[in-house]
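Engineer: Next up, run_39.txt (compact mmCIF, C-alpha atoms).
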# COMPACT_ATOMS: atom_id res chain seq x y z
CA MET A 299 22.63 -136.97 -65.66
CA PRO A 300 26.30 -136.70 -66.55
CA GLU A 301 28.59 -139.60 -65.97
CA ILE A 302 30.54 -139.24 -62.72
CA ASN A 303 33.58 -141.38 -62.28
CA LEU A 304 34.93 -142.53 -58.95
CA SER A 305 37.76 -139.99 -58.53
CA THR A 306 35.35 -137.12 -59.23
CA ALA A 307 32.97 -138.45 -56.60
CA PHE A 308 35.83 -138.78 -54.11
CA PHE A 309 37.04 -135.26 -54.88
CA ILE A 310 33.58 -133.78 -54.34
CA GLY A 311 33.10 -135.66 -51.08
CA LEU A 312 36.53 -134.97 -49.63
CA GLY A 313 36.58 -131.40 -50.93
CA SER A 314 33.28 -130.49 -49.30
CA LEU A 315 34.42 -132.21 -46.10
CA THR A 316 37.58 -130.08 -46.20
CA ILE A 317 35.60 -126.87 -46.68
CA VAL A 318 33.08 -127.69 -43.94
CA ALA A 319 35.86 -128.62 -41.51
CA SER A 320 37.88 -125.47 -42.21
CA LEU A 321 34.78 -123.32 -41.70
CA GLY A 322 34.08 -125.20 -38.48
CA THR A 323 37.61 -124.47 -37.32
CA ILE A 324 37.23 -120.71 -37.51
CA LEU A 325 33.54 -120.49 -36.54
CA SER A 326 33.24 -122.76 -33.53
CA ARG A 327 33.17 -121.21 -30.11
CA SER A 328 35.28 -123.59 -28.09
CA PRO A 329 38.98 -124.01 -28.96
CA VAL A 330 38.67 -127.78 -28.44
CA THR A 331 35.94 -127.98 -31.09
CA SER A 332 38.12 -125.89 -33.41
CA ALA A 333 41.01 -128.30 -32.93
CA LEU A 334 38.83 -131.35 -33.61
CA PHE A 335 37.45 -129.75 -36.79
CA LEU A 336 41.04 -129.09 -37.84
CA VAL A 337 41.87 -132.78 -37.32
CA LEU A 338 38.91 -133.65 -39.58
CA ASN A 339 40.22 -131.18 -42.14
CA PHE A 340 43.68 -132.82 -42.06
CA PHE A 341 42.19 -136.29 -42.57
CA ALA A 342 40.16 -135.07 -45.57
CA LEU A 343 43.28 -133.41 -47.00
CA GLY A 344 45.14 -136.71 -46.60
CA GLY A 345 42.46 -138.31 -48.77
CA ILE A 346 42.86 -135.58 -51.38
CA TYR A 347 46.64 -136.19 -51.41
CA LEU A 348 45.89 -139.85 -52.14
CA LEU A 349 43.74 -138.74 -55.10
CA LEU A 350 46.77 -136.78 -56.32
CA GLU A 351 48.93 -139.93 -56.06
CA ALA A 352 51.08 -138.53 -53.25
CA GLN A 353 50.97 -141.55 -50.95
CA PHE A 354 53.93 -140.61 -48.77
CA ILE A 355 52.68 -137.07 -48.19
CA ALA A 356 49.20 -138.41 -47.36
CA VAL A 357 50.57 -140.76 -44.70
CA VAL A 358 52.85 -138.06 -43.26
CA GLN A 359 49.90 -135.65 -43.20
CA VAL A 360 47.87 -138.02 -41.03
CA ILE A 361 50.74 -139.11 -38.76
CA VAL A 362 52.54 -135.79 -38.26
CA TYR A 363 49.75 -133.22 -38.59
CA ALA A 364 46.67 -135.04 -37.31
CA GLY A 365 48.70 -137.17 -34.93
CA ALA A 366 51.52 -135.11 -33.49
CA ILE A 367 50.85 -131.40 -34.04
CA MET A 368 47.16 -131.51 -33.16
CA VAL A 369 47.84 -133.51 -30.00
CA LEU A 370 50.21 -130.71 -29.01
CA PHE A 371 47.46 -128.14 -29.67
CA LEU A 372 44.85 -130.08 -27.69
CA PHE A 373 47.33 -130.59 -24.87
CA VAL A 374 47.98 -126.85 -24.56
CA ILE A 375 44.25 -125.97 -24.83
CA MET A 376 43.38 -128.37 -22.03
CA LEU A 377 46.38 -127.30 -19.97
CA LEU A 378 45.28 -123.65 -20.07
CA ASN A 379 41.58 -124.43 -19.41
CA LEU A 380 40.25 -121.61 -21.59
CA GLU A 381 36.73 -120.29 -21.51
CA ASP A 382 34.62 -120.18 -24.67
CA GLU A 383 34.91 -117.19 -26.91
CA GLN A 384 31.97 -115.07 -27.89
CA ARG A 385 30.37 -116.02 -31.16
CA LEU A 386 31.56 -114.22 -34.26
CA THR A 387 28.18 -112.67 -34.93
CA GLU A 388 27.61 -111.52 -31.34
CA ARG A 389 30.50 -109.09 -31.38
CA TYR A 390 30.37 -107.79 -34.89
CA ASP A 391 32.14 -104.50 -35.51
CA VAL A 392 33.34 -102.49 -38.47
CA LYS A 393 36.94 -103.71 -38.28
CA LYS A 394 35.87 -107.34 -38.52
CA GLY A 395 33.52 -106.50 -41.38
CA PHE A 396 36.42 -104.94 -43.28
CA ALA A 397 38.62 -107.96 -42.51
CA ILE A 398 36.04 -110.35 -43.96
CA LEU A 399 35.47 -108.05 -46.95
CA PHE A 400 39.15 -107.94 -47.84
CA ALA A 401 39.56 -111.67 -47.30
CA GLY A 402 36.67 -112.17 -49.72
CA LEU A 403 38.41 -109.90 -52.21
CA LEU A 404 41.54 -112.03 -51.81
CA LEU A 405 39.51 -115.16 -52.60
CA VAL A 406 38.00 -113.55 -55.69
CA GLU A 407 41.44 -112.42 -56.82
CA VAL A 408 43.05 -115.85 -56.40
CA LEU A 409 40.10 -117.62 -58.05
CA TYR A 410 40.31 -115.18 -60.95
CA VAL A 411 44.01 -115.89 -61.44
CA VAL A 412 43.44 -119.65 -61.14
CA GLY A 413 40.57 -119.65 -63.63
CA LEU A 414 42.13 -117.10 -65.97
CA LYS A 415 43.95 -119.43 -68.30
CA THR A 416 45.50 -122.76 -67.56
CA PRO A 417 49.12 -122.42 -68.62
CA ALA A 418 50.46 -124.92 -71.07
CA ILE A 419 52.00 -127.44 -68.74
CA ALA A 420 54.81 -129.61 -69.94
CA PRO A 421 55.11 -132.60 -67.62
CA ARG A 422 58.65 -133.64 -66.86
CA LEU A 423 59.61 -136.63 -68.92
CA GLY A 424 61.38 -139.71 -67.66
CA THR A 425 59.38 -140.17 -64.44
CA VAL A 426 56.18 -142.13 -64.00
CA ALA A 427 53.39 -140.15 -62.36
CA ALA A 428 52.41 -142.94 -59.98
CA GLU A 429 55.99 -143.47 -58.84
CA ILE A 430 57.02 -140.01 -57.66
CA GLY A 431 54.72 -140.10 -54.63
CA THR A 432 56.03 -143.33 -53.16
CA ALA A 433 58.16 -143.47 -50.03
CA LYS A 434 60.94 -145.15 -52.01
CA TYR A 435 61.27 -142.40 -54.60
CA ILE A 436 60.92 -139.58 -52.06
CA GLY A 437 63.47 -141.22 -49.77
CA GLN A 438 65.95 -141.54 -52.64
CA GLN A 439 65.49 -137.88 -53.58
CA LEU A 440 65.68 -136.78 -49.95
CA LEU A 441 69.06 -138.38 -49.38
CA THR A 442 70.63 -137.42 -52.71
CA GLU A 443 69.38 -134.22 -54.31
CA PHE A 444 67.79 -132.71 -51.19
CA LEU A 445 70.41 -133.84 -48.68
CA PHE A 446 71.48 -130.33 -47.65
CA PRO A 447 67.96 -129.00 -46.88
CA PHE A 448 67.27 -132.28 -45.09
CA GLU A 449 70.20 -131.71 -42.74
CA ILE A 450 69.36 -128.02 -42.27
CA ILE A 451 65.79 -128.95 -41.29
CA SER A 452 67.12 -131.25 -38.57
CA VAL A 453 69.09 -128.31 -37.12
CA LEU A 454 65.90 -126.23 -37.27
CA LEU A 455 64.00 -128.90 -35.33
CA LEU A 456 66.74 -129.04 -32.70
CA GLY A 457 66.53 -125.25 -32.34
CA ALA A 458 62.75 -125.45 -32.00
CA ILE A 459 63.01 -128.09 -29.27
CA VAL A 460 65.51 -126.04 -27.28
CA GLY A 461 63.50 -122.84 -27.80
CA ALA A 462 60.24 -124.45 -26.70
CA VAL A 463 61.81 -125.84 -23.52
CA VAL A 464 63.40 -122.49 -22.64
CA LEU A 465 60.21 -120.52 -23.31
CA ALA A 466 57.90 -122.84 -21.42
CA LYS A 467 60.15 -123.15 -18.37
CA LYS A 468 58.71 -121.48 -15.32
CA ASN A 469 61.72 -119.43 -14.29
CA PHE A 470 64.92 -118.86 -16.08
CA GLY A 471 67.92 -116.89 -15.01
CA PRO A 472 69.60 -117.45 -11.63
CA GLU A 473 68.19 -114.33 -9.96
CA ARG A 474 64.58 -115.33 -10.62
CA ALA A 475 64.93 -118.92 -9.61
CA THR A 476 63.87 -118.24 -6.04
CA ALA A 477 61.17 -115.65 -6.83
CA LYS A 478 57.63 -116.81 -6.15
CA THR A 479 55.25 -116.79 -9.07
CA THR A 480 51.52 -116.53 -8.75
CA LEU A 481 50.73 -119.44 -11.02
CA MET B 245 32.88 -134.01 -65.35
CA GLU B 246 36.60 -134.36 -65.11
CA ILE B 247 38.46 -132.97 -62.10
CA GLY B 248 41.44 -130.90 -63.20
CA MET B 249 44.12 -128.74 -61.73
CA THR B 250 41.77 -125.76 -61.47
CA HIS B 251 39.45 -127.55 -59.05
CA TYR B 252 42.25 -128.46 -56.66
CA LEU B 253 43.64 -124.92 -56.81
CA ALA B 254 40.19 -123.45 -56.15
CA LEU B 255 39.82 -125.68 -53.09
CA SER B 256 43.25 -124.54 -51.93
CA ALA B 257 42.29 -120.88 -52.44
CA PHE B 258 39.14 -121.37 -50.41
CA MET B 259 41.03 -122.99 -47.53
CA PHE B 260 43.61 -120.20 -47.57
CA THR B 261 40.89 -117.53 -47.38
CA THR B 262 39.26 -119.35 -44.48
CA GLY B 263 42.59 -119.23 -42.67
CA VAL B 264 42.97 -115.51 -43.41
CA ILE B 265 39.50 -114.78 -42.02
CA GLY B 266 40.32 -116.83 -38.92
CA VAL B 267 43.53 -114.89 -38.28
CA LEU B 268 41.82 -111.52 -38.79
CA THR B 269 38.66 -112.10 -36.75
CA ARG B 270 39.46 -114.45 -33.85
CA ARG B 271 40.80 -113.28 -30.50
CA ASN B 272 42.12 -116.52 -29.10
CA ALA B 273 45.83 -116.93 -29.87
CA ILE B 274 45.55 -120.72 -30.18
CA VAL B 275 42.72 -120.46 -32.71
CA ILE B 276 44.87 -117.99 -34.65
CA PHE B 277 47.64 -120.61 -34.68
CA MET B 278 45.16 -123.15 -36.02
CA SER B 279 44.17 -120.72 -38.77
CA ILE B 280 47.85 -120.37 -39.70
CA GLU B 281 48.01 -124.16 -39.95
CA LEU B 282 44.99 -123.99 -42.29
CA MET B 283 46.86 -121.56 -44.54
CA LEU B 284 49.99 -123.72 -44.53
CA ASN B 285 47.89 -126.72 -45.51
CA ALA B 286 46.20 -124.78 -48.31
CA VAL B 287 49.63 -123.99 -49.76
CA ASN B 288 50.66 -127.64 -49.30
CA LEU B 289 47.61 -128.70 -51.31
CA SER B 290 48.50 -126.44 -54.21
CA LEU B 291 52.13 -127.65 -54.10
CA VAL B 292 51.02 -131.31 -54.28
CA THR B 293 48.65 -130.40 -57.12
CA PHE B 294 51.43 -128.79 -59.14
CA SER B 295 53.72 -131.70 -58.33
CA HIS B 296 51.11 -134.13 -59.66
CA TYR B 297 50.31 -132.26 -62.84
CA LEU B 298 53.93 -131.33 -63.65
CA ASN B 299 55.06 -134.87 -62.89
CA ASP B 300 57.84 -133.50 -60.71
CA VAL B 301 58.82 -134.55 -57.20
CA GLN B 302 60.10 -131.12 -56.09
CA GLY B 303 56.65 -129.92 -54.98
CA GLN B 304 56.27 -132.87 -52.65
CA MET B 305 59.73 -132.32 -51.19
CA LEU B 306 58.74 -128.71 -50.45
CA VAL B 307 55.56 -129.99 -48.74
CA PHE B 308 57.74 -132.23 -46.57
CA PHE B 309 59.86 -129.25 -45.50
CA VAL B 310 56.79 -127.06 -44.93
CA MET B 311 55.43 -129.72 -42.58
CA THR B 312 58.69 -129.71 -40.61
CA VAL B 313 58.66 -125.93 -40.33
CA ALA B 314 54.99 -126.05 -39.25
CA ALA B 315 55.87 -128.53 -36.50
CA ALA B 316 58.69 -126.29 -35.27
CA GLU B 317 56.45 -123.23 -35.45
CA ALA B 318 53.69 -124.96 -33.49
CA ALA B 319 56.11 -126.07 -30.75
CA VAL B 320 57.68 -122.62 -30.28
CA GLY B 321 54.37 -120.78 -30.69
CA LEU B 322 52.57 -122.87 -28.11
CA ALA B 323 55.48 -122.40 -25.69
CA ILE B 324 55.08 -118.63 -26.16
CA VAL B 325 51.33 -118.96 -25.54
CA ILE B 326 51.98 -120.88 -22.31
CA SER B 327 54.43 -118.29 -20.99
CA MET B 328 52.04 -115.48 -22.02
CA PHE B 329 49.18 -117.15 -20.14
CA ARG B 330 51.41 -117.53 -17.10
CA ASN B 331 52.07 -113.79 -16.99
CA LYS B 332 48.71 -112.33 -18.02
CA GLN B 333 46.20 -115.14 -17.25
CA THR B 334 44.75 -114.63 -20.71
CA ILE B 335 45.60 -115.43 -24.31
CA ASN B 336 43.15 -113.04 -25.93
CA ILE B 337 45.34 -111.09 -28.30
CA ASP B 338 43.55 -107.78 -27.75
CA GLU B 339 44.34 -107.92 -24.03
CA ILE B 340 48.03 -108.59 -24.57
CA ASN B 341 49.61 -105.25 -25.40
CA ILE B 342 52.80 -105.13 -23.36
CA LEU B 343 54.79 -104.17 -26.46
CA LYS B 344 52.43 -101.28 -27.17
CA TYR B 345 53.90 -97.84 -26.59
Take the structure in this file and express it as structure tokens.
Structural biologist:
Amino acid sequence: MPEINLSTAFFIGLGSLTIVASLGTILSRSPVTSALFLVLNFFALGGIYLLLEAQFIAVVQVIVYAGAIMVLFLFVIMLLNLEDEQRLTERYDVKKGFAILFAGLLLVEVLYVVGLKTPAIAPRLGTVAAEIGTAKYIGQQLLTEFLFPFEIISVLLLGAIVGAVVLAKKNFGPERATAKTTL
Amino acid sequence: MEIGMTHYLALSAFMFTTGVIGVLTRRNAIVIFMSIELMLNAVNLSLVTFSHYLNDVQGQMLVFFVMTVAAAEAAVGLAIVISMFRNKQTINIDEINILKY
């Protein structure tokens, strides 16, 4: 039996958990189950980011994705009170078969390119691998070299907040404010 | 067995394909959103992988910005879903065809 070190064991465990959770997301009938599988997927991905020495990204993944975004998804699912969808196999048709076929072709294509030949990678000198993932280093980069994108992204978030409020409001426009809606 | 860049990229490719299948086969608009999140996360994984193996912080900065854009997209998209449900009482994408000529 070949020697398996700890990071390999962690990669195999977390990687299979990621795959199972992503399959569960698209195959499960109820949207709530899908969302919970997606949360599991995000936690496993956070572990994989830790294996890749990206501590800050791992923490942000769990807090922002699994914490904030998925709560938003679950909130909307439960607000709308949706019924379960029919199972994928129960409503098979030719179009869906073609979709899965071409997605499989995409997977084969990407795997072929990935496995083709590992390019000669020259790691950037002058930085320590374990240091670039820390909150300190990322914060320094964010407020010096990436200051302009950082500010732009805050404007984007403001736009998203305003847009979400306007879209989700029941009535907008003065003439429709008094009209009765059925819901 | 040593885990290298190829393994992480293969995992990322698999997650991306899962997301593609979800977008193409599901009818529920919220599940389609979740599949889009899967694809975004697959790309994030490959960016972090490259960042690790190239010893460069730029990949992780891009992941940070992708996460912000995903949050904005989820907020606006779910608001659209809510207003769609209010008008049509459904969010099955094959029943919503008001833009169809």
Engineer: Quick check: residues of chain B within 7 Å of chain A, only C-alpha atoms, returned as a ChimeraX atom specification.
Structural biologist: /B:245-247,250,253-255,257-259,261-262,264-266,268-269,275,293,296-301,315-316,319-320,323-324,326-327,330
Engineer: Create the file for the chosen residues now, containing C-alpha atoms and written as a PDB file, keeping the file's coordinate frame.
Structural biologist:
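Okay, this is what ended up in result-v3.pdb:
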ATOM      1  CA  MET B 245      32.880-134.010 -65.350  1.00  0.00           C
ATOM      2  CA  GLU B 246      36.600-134.360 -65.110  1.00  0.00           C
ATOM      3  CA  ILE B 247      38.460-132.970 -62.100  1.00  0.00           C
ATOM      4  CA  THR B 250      41.770-125.760 -61.470  1.00  0.00           C
ATOM      5  CA  LEU B 253      43.640-124.920 -56.810  1.00  0.00           C
ATOM      6  CA  ALA B 254      40.190-123.450 -56.150  1.00  0.00           C
ATOM      7  CA  LEU B 255      39.820-125.680 -53.090  1.00  0.00           C
ATOM      8  CA  ALA B 257      42.290-120.880 -52.440  1.00  0.00           C
ATOM      9  CA  PHE B 258      39.140-121.370 -50.410  1.00  0.00           C
ATOM     10  CA  MET B 259      41.030-122.990 -47.530  1.00  0.00           C
ATOM     11  CA  THR B 261      40.890-117.530 -47.380  1.00  0.00           C
ATOM     12  CA  THR B 262      39.260-119.350 -44.480  1.00  0.00           C
ATOM     13  CA  VAL B 264      42.970-115.510 -43.410  1.00  0.00           C
ATOM     14  CA  ILE B 265      39.500-114.780 -42.020  1.00  0.00           C
ATOM     15  CA  GLY B 266      40.320-116.830 -38.920  1.00  0.00           C
ATOM     16  CA  LEU B 268      41.820-111.520 -38.790  1.00  0.00           C
ATOM     17  CA  THR B 269      38.660-112.100 -36.750  1.00  0.00           C
ATOM     18  CA  VAL B 275      42.720-120.460 -32.710  1.00  0.00           C
ATOM     19  CA  THR B 293      48.650-130.400 -57.120  1.00  0.00           C
ATOM     20  CA  HIS B 296      51.110-134.130 -59.660  1.00  0.00           C
ATOM     21  CA  TYR B 297      50.310-132.260 -62.840  1.00  0.00           C
ATOM     22  CA  LEU B 298      53.930-131.330 -63.650  1.00  0.00           C
ATOM     23  CA  ASN B 299      55.060-134.870 -62.890  1.00  0.00           C
ATOM     24  CA  ASP B 300      57.840-133.500 -60.710  1.00  0.00           C
ATOM     25  CA  VAL B 301      58.820-134.550 -57.200  1.00  0.00           C
ATOM     26  CA  ALA B 315      55.870-128.530 -36.500  1.00  0.00           C
ATOM     27  CA  ALA B 316      58.690-126.290 -35.270  1.00  0.00           C
ATOM     28  CA  ALA B 319      56.110-126.070 -30.750  1.00  0.00           C
ATOM     29  CA  VAL B 320      57.680-122.620 -30.280  1.00  0.00           C
ATOM     30  CA  ALA B 323      55.480-122.400 -25.690  1.00  0.00           C
ATOM     31  CA  ILE B 324      55.080-118.630 -26.160  1.00  0.00           C
ATOM     32  CA  ILE B 326      51.980-120.880 -22.310  1.00  0.00           C
ATOM     33  CA  SER B 327      54.430-118.290 -20.990  1.00  0.00           C
ATOM     34  CA  ARG B 330      51.410-117.530 -17.100  1.00  0.00           C
TER      35      ARG B 330
END
Engineer: Identify, on the basis of only C-alpha atoms, every residue whose closest approach to B:Val307 does not exceed 7 Å; exclude the query and any residue fewer than 4 positions from it along the same chain; express the result as JSON, numbers by chain.
Structural biologist: {"B": [288, 291, 303, 311]}
Engineer: Enter the distance from atom CA of B:Ala314 to atom CA of B:Leu284, in Å, rounded to one decimal.
Structural biologist: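 Between these atoms lies a distance of 7.6 Å.
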Engineer: Could you tell me how far atom CA of B:Ala318 lies from atom CA of B:Leu282, in Å and to one decimal?
Structural biologist: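 One can read the atom CA of B:Ala318 to atom CA of B:Leu282 distance as 12.4 Å.
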Engineer: What does the distance from atom CA of B:Gln304 to atom CA of A:Leu304 come to in Å, to one decimal?
Structural biologist: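 So the answer is 24.3 Å.
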Engineer: Let me have the centre and edge lengths of the axis-aligned box enclosing all listed atoms of stretch 396-404 of chain A with 5 Å padding on every side, in Å to one decimal, as AutoDock Vina command-line options.
Structural biologist:
--center_x 38.5 --center_y -108.6 --center_z -47.4 --size_x 16.1 --size_y 17.2 --size_z 19.7
Engineer: Kindly indicate which residue among A:Ala356, A:Leu315, A:Leu441, A:Val453 lies nearest to A:Ala342, using all atoms listed in the file for the distances.
Structural biologist: A:Leu315
Engineer: From (51.0, -123.3, -44.5), in the file's coordinates, out to 7 Å: which residues are reached, counting only C-alpha atoms? Answer as a ChimeraX atom specification.
Structural biologist: /B:280-288,310
Engineer: With C-alpha atoms kept, could you save the residues just selected as a compact mmCIF listing (two decimals), in the frame of the given file?
Structural biologist:
# COMPACT_ATOMS: atom_id res chain seq x y z
CA ILE B 280 47.85 -120.37 -39.70
CA GLU B 281 48.01 -124.16 -39.95
CA LEU B 282 44.99 -123.99 -42.29
CA MET B 283 46.86 -121.56 -44.54
CA LEU B 284 49.99 -123.72 -44.53
CA ASN B 285 47.89 -126.72 -45.51
CA ALA B 286 46.20 -124.78 -48.31
CA VAL B 287 49.63 -123.99 -49.76
CA ASN B 288 50.66 -127.64 -49.30
CA VAL B 310 56.79 -127.06 -44.93
Engineer: Using all atoms listed in the file, which of B:Gly263, B:Lys344, B:Phe294, B:Gly321 sits nearest B:Gly248?
Structural biologist: B:Phe294
Engineer: Give as a list of chain:residue names every residue, naming chains and numbers as the document does, that has an atom within 6 Å of (42.0, -118.7, -26.4), counting all atoms listed in the file.
Structural biologist: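 Using all atoms listed in the file, the matching residues come out as A:Leu380, B:Asn272, B:Ala273, B:Ile274, B:Ile335, B:Asn336.
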